[in-house]
Amino acid sequence: MKHAKEQVEATANAIKDHFIPKNPDEQSFDFCFTISPAANYKANYEKDAKGNWILINCQEDVKL
């Protein structure tokens, strides 16, 4: 990772609401994002038993 794990996770959590699936039956989702200057990451979320979206992992995404 080009950035600290904490920074990547904080960025993913800050923008996740824009990517939450509209279908309430969905149990997971992922999205890609960039942290300047040019580091691309992919975040994966899953819904817990209470219906909260939990960050499962963030990884560097070199395909963007």
# chains A, B, ... in the order shown; residues from 1 in each chain; ligands from 1
call {"tool": "residues_around", "arguments": {"residues": "A:Phe19", "least_positions_apart": "4", "cutoff": "10 Å", "atoms": "only C-alpha atoms", "output": "PyMOL selection string"}}
result
chain A and resi 15+29-32
call {"tool": "select_by_dssp", "arguments": {"residues": "chain A", "states": "alpha helix (DSSP H)", "output": "list in words"}}
result
Lys5, Glu6, Gln7, Val8, Glu9, Ala10, Thr11, Ala12, Asn13, Ala14 and Ile15 of chain A
call {"tool": "residues_around", "arguments": {"residues": "A:Gln27", "least_positions_apart": "6", "cutoff": "12 Å", "atoms": "only C-alpha atoms", "output": "PyMOL selection string"}}
result
chain A and resi 20-21+44-54
call {"tool": "residues_around", "arguments": {"residues": "A:Thr34", "least_positions_apart": "3", "cutoff": "10 Å", "atoms": "only C-alpha atoms", "output": "PyMOL selection string"}}
result
chain A and resi 8+11-12+37-42+60-61+64
call {"tool": "atom_distance", "arguments": {"atom1": "atom CA of A:Lys2", "atom2": "atom CA of A:Ser28"}}
result
25.6 Å
call {"tool": "atom_distance", "arguments": {"atom1": "atom CA of A:Ala4", "atom2": "atom CA of A:Phe33"}}
result
15.0 Å
call {"tool": "select_by_dssp", "arguments": {"residues": "chain A", "states": "strand (DSSP E or B)", "output": "JSON, numbers by chain"}}
result
{"A": [28, 29, 30, 31, 32, 33, 34, 35, 39, 40, 41, 42, 43, 44, 45, 46, 47, 53, 54, 55, 56, 57, 58, 59, 60]}
call {"tool": "atom_distance", "arguments": {"atom1": "atom CA of A:Cys58", "atom2": "atom CA of A:Lys22"}}
result
21.8 Å
